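S.K.: Structure provided below as structure tokens; questions to follow.
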There are 2 protein chains.
Amino acid sequence: MLRRINAGEWPVGADIPNEVELVAEFSAARGTIQRALSSLVEQGLIERRKRAGSRVVPPRAHASKLSIPLIREEIETRGFGYGYKLLERRVLPASKGTGKRLRLVCLHLADGRPFQLERRDINLAALPQAERESFQSAGPNEWLVREVPATRIVTRISAEAADAATARLLDLPEASPLLIVARETFKADAPLTEVRMLHPADSYEVTTVSF
Amino acid sequence: MLRRINAGEWPVGADIPNEVELVAEFSAARGTIQRALSSLVEQGLIERRKRAGSRVVPPRAHASKLSIPLIREEIETRGFGYGYKLLERRVLPASKGTGKRLRLVCLHLADGRPFQLERRDINLAALPQAERESFQSAGPNEWLVREVPATRIVTRISAEAADAATARLLDLPEASPLLIVARETFKADAPLTEVRMLHPADSYEVTTVSF
DNA sequence: TGACGCTTTATGTCTAGACATTAATCATGG
DNA sequence: CCATGATTAATGTCTAGACATAAAGCGTCA
């Protein structure tokens, strides 16, 4: 079926044969045909509606898997030595809107050069055990990933010019372009953590491949 | 099962009951249990090996769906008026490494302000019909997604400072930060098109949500 | 001890059939 | 002509059972 769609035998917009016909044509059970069609739906190639049948969908906005790996591995797979420094660790009192939070600022280095500046707030109401961690020798991300599985993750990727303080920390000229990955994670609607990861533009990019 | 994993009833690393036990416990057929487990595998929550059983895996690098929509819709859903200008259209002769290509430079505007500068090369060996298109009034992306489904897509997101020419086209001060989405698409290993989409950093970001 | 092959136990996949659900379509009455 | 309800044709989901396949573990023999 995949081949037919790619080859244009089933052109965009066309109804594809219904399940019973496909069962006959491929001499497979309906369950098998169903699985195949479901897989095509997941790949965004067809659309199925009860009673109306299945249609080849115009290839739309391409959805591909974006995976944001652990920064340590990211650096090590590039063959650099990984370094880590905790720059700030402070408990912010509760204020309107947000509860008590743990603020962390850390620097991740590749071969001694600044690679990522991580500014993170951890919601202590949801994760009180974070207050007992020092985060002196390892970044909070590795701890968090181990500690709690998040149920919802929002990632935003943007660019920005470095302000003076950030430029100094990343050892860059002021106003250098930065690539910023911001992420919020939630567990059942309770915010867990909010992080902004800032990278010198020339040393980082986000890559995704889809088939 | 999802609840149990999230609640830690099935802790990370633990073997989960085998299919026959789950069938008994949930009073469902094995096929149904299988589907549930497969879905957990897809979500990256468990790992299954024949003979060895299924295990809860440590939540790793989060993978989420990244979708890059059509620029026109992107602009219109934000409530801006969409504008389009073709700045350059030129056939590049074949040279070593690459075949004949069609180079396009276009500007997409939101309410008359530059929003995206698109520099695109289309491989004319794979898509000769592109040469007959003028791309005067609509961007090549919409034509391309209609014309050929790609089988492989590589997307890279990066940041960069605007050079003089680019800054002028986007009506920005020189050296302003840009967010750049670069994409290469292939059909069965033949390159189709290669595009760099440049955005003023303060007007664009890439967002992804995963559950 | 170690290589090899057999057994066993788990997952992987399929089949055939049943019933549920949804929504397009048609028929009917005001 | 329109609204409303009945029909029906498609997909959605499940069950029970079968066989395939991979790999862990065991036994045997050189």
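By convention here, the chains of the structure tokens are called A, B, ... in the order presented, each chain's residues are numbered starting at 1, and ligands are numbered starting at 1 in the order presented.
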Can you pull out the residues contacting Leu86 of chain B? Cut-off 10 Å, using only C-alpha atoms (C1' of nucleotides), and skip same-chain residues under 2 positions away; I want them as a list in words.

M.R.: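 Neighbouring residues, sequence-local ones excluded: Tyr84, Glu88, Arg89, Leu104, Val105, Cys106, Leu107, His108, Glu118, Ser134, Phe135, Gln136, Ser137, Ala138, Gly139 and Pro140 of chain B.
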
S.K.: Take the residues from that selection and put them in a file with all heavy atoms, as a compact mmCIF listing (two decimals), in the first residue's frame.

M.R.:
# COMPACT_ATOMS: atom_id res chain seq x y z
N TYR B 84 3.29 37.45 -0.30
CA TYR B 84 4.34 36.64 -0.90
C TYR B 84 5.02 37.41 -2.02
O TYR B 84 4.35 38.08 -2.82
CB TYR B 84 3.73 35.35 -1.44
CG TYR B 84 4.67 34.55 -2.32
CD1 TYR B 84 5.65 33.75 -1.75
CD2 TYR B 84 4.57 34.59 -3.71
CE1 TYR B 84 6.53 33.02 -2.55
CE2 TYR B 84 5.44 33.87 -4.52
CZ TYR B 84 6.41 33.09 -3.93
OH TYR B 84 7.27 32.37 -4.71
N GLU B 88 13.85 35.93 -6.62
CA GLU B 88 14.83 35.43 -7.59
C GLU B 88 14.40 34.07 -8.08
O GLU B 88 13.86 33.26 -7.33
CB GLU B 88 16.20 35.33 -6.91
CG GLU B 88 17.34 34.99 -7.85
CD GLU B 88 18.68 34.84 -7.10
OE1 GLU B 88 18.87 35.53 -6.09
OE2 GLU B 88 19.49 34.01 -7.55
N ARG B 89 14.64 33.83 -9.37
CA ARG B 89 14.30 32.53 -9.95
C ARG B 89 15.32 32.28 -11.05
O ARG B 89 15.39 33.04 -12.02
CB ARG B 89 12.90 32.56 -10.54
CG ARG B 89 12.46 31.21 -11.12
CD ARG B 89 11.13 31.35 -11.85
NE ARG B 89 10.62 30.07 -12.27
CZ ARG B 89 11.12 29.36 -13.28
NH1 ARG B 89 12.14 29.81 -13.95
NH2 ARG B 89 10.60 28.18 -13.59
N LEU B 104 15.40 29.32 -6.05
CA LEU B 104 14.34 30.29 -5.79
C LEU B 104 14.63 31.02 -4.51
O LEU B 104 15.08 30.43 -3.52
CB LEU B 104 12.99 29.57 -5.64
CG LEU B 104 12.51 28.78 -6.86
CD1 LEU B 104 11.40 27.83 -6.45
CD2 LEU B 104 12.03 29.74 -7.93
N VAL B 105 14.39 32.31 -4.52
CA VAL B 105 14.47 33.09 -3.28
C VAL B 105 13.13 33.80 -3.15
O VAL B 105 12.71 34.51 -4.06
CB VAL B 105 15.62 34.11 -3.30
CG1 VAL B 105 15.65 34.90 -2.00
CG2 VAL B 105 16.95 33.42 -3.54
N CYS B 106 12.44 33.57 -2.04
CA CYS B 106 11.14 34.20 -1.87
C CYS B 106 11.02 34.77 -0.48
O CYS B 106 11.70 34.34 0.46
CB CYS B 106 9.98 33.24 -2.09
SG CYS B 106 10.39 31.64 -2.71
N LEU B 107 10.12 35.73 -0.38
CA LEU B 107 9.89 36.38 0.90
C LEU B 107 8.42 36.18 1.26
O LEU B 107 7.53 36.40 0.45
CB LEU B 107 10.22 37.86 0.76
CG LEU B 107 10.32 38.68 2.04
CD1 LEU B 107 11.45 38.15 2.92
CD2 LEU B 107 10.58 40.14 1.69
N HIS B 108 8.20 35.74 2.49
CA HIS B 108 6.83 35.59 2.98
C HIS B 108 6.59 36.69 4.00
O HIS B 108 7.41 36.90 4.90
CB HIS B 108 6.65 34.22 3.62
CG HIS B 108 6.95 33.09 2.69
ND1 HIS B 108 6.01 32.51 1.88
CD2 HIS B 108 8.12 32.45 2.42
CE1 HIS B 108 6.56 31.55 1.16
NE2 HIS B 108 7.86 31.50 1.46
N GLU B 118 12.96 32.62 2.23
CA GLU B 118 13.11 31.22 1.84
C GLU B 118 14.10 31.13 0.68
O GLU B 118 13.87 31.72 -0.36
CB GLU B 118 11.73 30.68 1.43
CG GLU B 118 11.74 29.30 0.83
CD GLU B 118 10.34 28.81 0.44
OE1 GLU B 118 9.36 29.55 0.70
OE2 GLU B 118 10.24 27.71 -0.13
N SER B 134 6.10 29.00 -12.51
CA SER B 134 6.69 30.34 -12.39
C SER B 134 6.95 30.71 -10.92
O SER B 134 7.84 31.47 -10.61
CB SER B 134 5.77 31.39 -13.02
OG SER B 134 4.69 31.66 -12.16
N PHE B 135 6.13 30.20 -10.03
CA PHE B 135 6.22 30.53 -8.60
C PHE B 135 6.08 32.04 -8.36
O PHE B 135 6.64 32.57 -7.43
CB PHE B 135 7.54 30.01 -7.99
CG PHE B 135 7.68 28.52 -8.11
CD1 PHE B 135 8.66 27.96 -8.93
CD2 PHE B 135 6.83 27.67 -7.42
CE1 PHE B 135 8.79 26.58 -9.05
CE2 PHE B 135 6.96 26.29 -7.53
CZ PHE B 135 7.94 25.75 -8.35
N GLN B 136 5.35 32.70 -9.27
CA GLN B 136 5.15 34.14 -9.13
C GLN B 136 4.22 34.46 -7.97
O GLN B 136 4.45 35.40 -7.22
CB GLN B 136 4.52 34.71 -10.41
CG GLN B 136 5.49 35.02 -11.53
CD GLN B 136 6.57 36.03 -11.15
OE1 GLN B 136 6.41 36.80 -10.21
NE2 GLN B 136 7.69 36.00 -11.87
N SER B 137 3.17 33.68 -7.85
CA SER B 137 2.11 34.10 -6.92
C SER B 137 1.95 33.18 -5.72
O SER B 137 1.25 33.50 -4.78
CB SER B 137 0.78 34.18 -7.68
OG SER B 137 0.55 32.94 -8.33
N ALA B 138 2.60 32.04 -5.75
CA ALA B 138 2.51 31.16 -4.59
C ALA B 138 3.87 30.51 -4.36
O ALA B 138 4.62 30.27 -5.30
CB ALA B 138 1.45 30.08 -4.79
N GLY B 139 4.19 30.25 -3.13
CA GLY B 139 5.49 29.70 -2.78
C GLY B 139 5.66 28.29 -3.30
O GLY B 139 4.68 27.58 -3.55
N PRO B 140 6.91 27.88 -3.49
CA PRO B 140 7.18 26.55 -4.04
C PRO B 140 6.80 25.44 -3.06
O PRO B 140 6.57 24.30 -3.47
CB PRO B 140 8.69 26.57 -4.27
CG PRO B 140 9.22 27.64 -3.39
CD PRO B 140 8.12 28.64 -3.24

S.K.: Give as a list in words every residue of chain B that touches chain C within 9 Å, counting only C-alpha atoms (C1' of nucleotides).

M.R.: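 Within 9 Å of chain C on chain B, we get Asn18, Glu19, Arg48, Arg49, Lys50, Arg51, Ala52, Gly53 and Ser54 of chain B.
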
S.K.: One number please: atom CA of Val12 of chain A to atom CA of Ala150 of chain B, in Å, one decimal.

M.R.: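 Going from atom CA of Val12 of chain A over to atom CA of Ala150 of chain B covers 13.3 Å.
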
S.K.: Please build the interface table for chain D against chain A with a cut-off of 7 Å, listing for each qualifying residue the nearest atom pair and the distance in Å to one decimal; count only C-alpha atoms (C1' of nucleotides), order rows by chain and increasing number, and write it as CSV.

M.R.:
residue,atom,partner,partner_atom,distance
D:DA9,C1',A:Arg51,CA,5.7
D:DA10,C1',A:Arg51,CA,3.4
D:DT11,C1',A:Lys50,CA,4.4

S.K.: Using only C-alpha atoms, find the residues of chain B whose closest atom to chain A is at most 8 Å away, then write them as a VMD selection string.

M.R.: chain B and resid 6 58 to 70 145 to 146 149 151 to 161 176 to 179 201 to 202 204 to 211

S.K.: Could you write out, as a compact mmCIF listing (two decimals) with N, CA and C atoms, in the first residue's frame, all the residues of segment 12-79 of chain B that DSSP marks as strand (DSSP E)?

M.R.:
# COMPACT_ATOMS: atom_id res chain seq x y z
N ASP B 15 10.56 -6.07 35.67
CA ASP B 15 9.84 -6.89 34.70
C ASP B 15 8.36 -6.71 34.94
N ILE B 16 7.59 -6.53 33.88
CA ILE B 16 6.15 -6.48 34.08
C ILE B 16 5.60 -7.87 33.80
N ILE B 46 8.16 1.07 27.71
CA ILE B 46 8.63 -0.29 28.02
C ILE B 46 9.45 -0.83 26.86
N GLU B 47 10.04 -1.95 27.11
CA GLU B 47 10.93 -2.61 26.15
C GLU B 47 10.53 -4.07 26.21
N ARG B 48 10.49 -4.73 25.06
CA ARG B 48 10.03 -6.12 25.07
C ARG B 48 11.06 -6.97 24.35
N ARG B 49 11.37 -8.12 24.93
CA ARG B 49 12.25 -9.04 24.22
C ARG B 49 11.66 -10.43 24.29
N GLY B 53 10.77 -11.37 28.20
CA GLY B 53 9.67 -10.61 28.80
C GLY B 53 9.79 -9.12 28.57
N SER B 54 8.95 -8.35 29.24
CA SER B 54 8.89 -6.90 29.04
C SER B 54 9.36 -6.17 30.29
N ARG B 55 10.07 -5.07 30.07
CA ARG B 55 10.61 -4.30 31.19
C ARG B 55 10.27 -2.83 31.04
N VAL B 56 10.07 -2.16 32.16
CA VAL B 56 9.91 -0.71 32.14
C VAL B 56 11.28 -0.09 31.91
N HIS B 62 13.59 12.79 25.73
CA HIS B 62 12.21 12.87 25.31
C HIS B 62 12.08 13.06 23.83
N ALA B 63 11.28 12.24 23.22
CA ALA B 63 11.01 12.39 21.81
C ALA B 63 9.62 12.97 21.64
N SER B 64 9.51 14.04 20.92
CA SER B 64 8.19 14.58 20.69
C SER B 64 8.03 14.88 19.21
N LYS B 65 6.80 15.01 18.81
CA LYS B 65 6.52 15.28 17.41
C LYS B 65 6.79 16.74 17.09
N LEU B 66 7.53 16.93 16.05
CA LEU B 66 7.79 18.29 15.58
C LEU B 66 7.08 18.44 14.25
N SER B 67 6.19 19.40 14.15
CA SER B 67 5.54 19.56 12.86
C SER B 67 5.80 20.96 12.34
N ILE B 68 6.24 21.00 11.10
CA ILE B 68 6.53 22.28 10.48
C ILE B 68 5.44 22.57 9.47

S.K.: Can you measure atom CA of Leu117 of chain A to atom CA of Leu172 of chain A for me? One decimal in Å is fine.

M.R.: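 These two atoms are separated by 12.1 Å.
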
S.K.: From a DSSP calculation on the backbone, collect every residue of segment 94-193 of chain B in alpha helix (DSSP H) and output the set as number ranges by chain.

M.R.: B: 140-147, 164-170

S.K.: Since we have the selection now, will you write its residues out, keeping N, CA, C and O atoms, as a compact mmCIF listing (two decimals), in the first residue's frame?

M.R.:
# COMPACT_ATOMS: atom_id res chain seq x y z
N PRO B 140 6.91 27.88 -3.49
CA PRO B 140 7.18 26.55 -4.04
C PRO B 140 6.80 25.44 -3.06
O PRO B 140 6.57 24.30 -3.47
N ASN B 141 6.71 25.75 -1.78
CA ASN B 141 6.45 24.69 -0.82
C ASN B 141 5.08 24.06 -1.06
O ASN B 141 4.94 22.85 -1.08
N GLU B 142 4.10 24.91 -1.28
CA GLU B 142 2.75 24.39 -1.48
C GLU B 142 2.69 23.54 -2.75
O GLU B 142 2.02 22.51 -2.79
N TRP B 143 3.40 23.98 -3.75
CA TRP B 143 3.44 23.19 -4.99
C TRP B 143 4.12 21.85 -4.74
O TRP B 143 3.63 20.80 -5.15
N LEU B 144 5.23 21.92 -4.04
CA LEU B 144 6.02 20.70 -3.82
C LEU B 144 5.25 19.65 -3.03
O LEU B 144 5.27 18.48 -3.37
N VAL B 145 4.60 20.06 -1.95
CA VAL B 145 3.92 19.04 -1.16
C VAL B 145 2.77 18.43 -1.94
O VAL B 145 2.41 17.27 -1.72
N ARG B 146 2.21 19.20 -2.86
CA ARG B 146 1.16 18.64 -3.69
C ARG B 146 1.73 17.66 -4.70
O ARG B 146 1.16 16.62 -4.99
N GLU B 147 2.89 18.02 -5.21
CA GLU B 147 3.44 17.30 -6.36
C GLU B 147 4.04 15.94 -5.99
O GLU B 147 3.72 14.94 -6.60
N ALA B 164 24.74 41.11 5.86
CA ALA B 164 24.21 42.40 5.39
C ALA B 164 23.05 42.22 4.41
O ALA B 164 21.99 42.84 4.55
N ALA B 165 23.24 41.35 3.42
CA ALA B 165 22.22 41.19 2.38
C ALA B 165 20.92 40.65 2.98
O ALA B 165 19.83 41.14 2.69
N THR B 166 21.06 39.67 3.83
CA THR B 166 19.88 39.07 4.44
C THR B 166 19.15 40.08 5.32
O THR B 166 17.92 40.18 5.31
N ALA B 167 19.92 40.82 6.10
CA ALA B 167 19.32 41.80 6.99
C ALA B 167 18.51 42.81 6.18
O ALA B 167 17.39 43.18 6.56
N ARG B 168 19.04 43.22 5.03
CA ARG B 168 18.32 44.18 4.20
C ARG B 168 16.99 43.58 3.74
O ARG B 168 15.94 44.20 3.82
N LEU B 169 17.05 42.34 3.27
CA LEU B 169 15.83 41.71 2.76
C LEU B 169 14.78 41.54 3.85
O LEU B 169 13.58 41.66 3.60
N LEU B 170 15.22 41.24 5.05
CA LEU B 170 14.26 41.02 6.14
C LEU B 170 13.96 42.31 6.89
O LEU B 170 13.22 42.30 7.87

S.K.: So how far away is atom CA of Leu102 of chain B from atom CA of Glu76 of chain B, in Å?

M.R.: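 For atom CA of Glu76 of chain B relative to atom CA of Leu102 of chain B, the distance reads 27.8 Å.
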
S.K.: Within 9 Å of Ala126 of chain B, counting only C-alpha atoms (C1' of nucleotides), which residues qualify if same-chain residues fewer than 4 places away don't, as an mmCIF file with N, CA and C atoms, in the first residue's frame?

M.R.:
data_model
loop_
_atom_site.group_PDB
_atom_site.id
_atom_site.type_symbol
_atom_site.label_atom_id
_atom_site.label_comp_id
_atom_site.auth_asym_id
_atom_site.auth_seq_id
_atom_site.Cartn_x
_atom_site.Cartn_y
_atom_site.Cartn_z
ATOM 1 N N ILE B 122 15.776 23.373 -6.040
ATOM 2 C CA ILE B 122 15.000 22.197 -6.425
ATOM 3 C C ILE B 122 15.818 21.406 -7.434
ATOM 4 N N LYS B 187 13.435 11.532 -2.155
ATOM 5 C CA LYS B 187 12.503 10.486 -2.555
ATOM 6 C C LYS B 187 13.345 9.294 -2.964
ATOM 7 N N ALA B 190 16.997 9.949 -3.806
ATOM 8 C CA ALA B 190 17.268 11.043 -4.728
ATOM 9 C C ALA B 190 16.874 12.350 -4.048
ATOM 10 N N PRO B 191 17.789 13.308 -3.961
ATOM 11 C CA PRO B 191 17.422 14.572 -3.319
ATOM 12 C C PRO B 191 16.377 15.310 -4.151
ATOM 13 N N LEU B 192 15.371 15.829 -3.496
ATOM 14 C CA LEU B 192 14.342 16.586 -4.202
ATOM 15 C C LEU B 192 14.588 18.079 -4.068
#
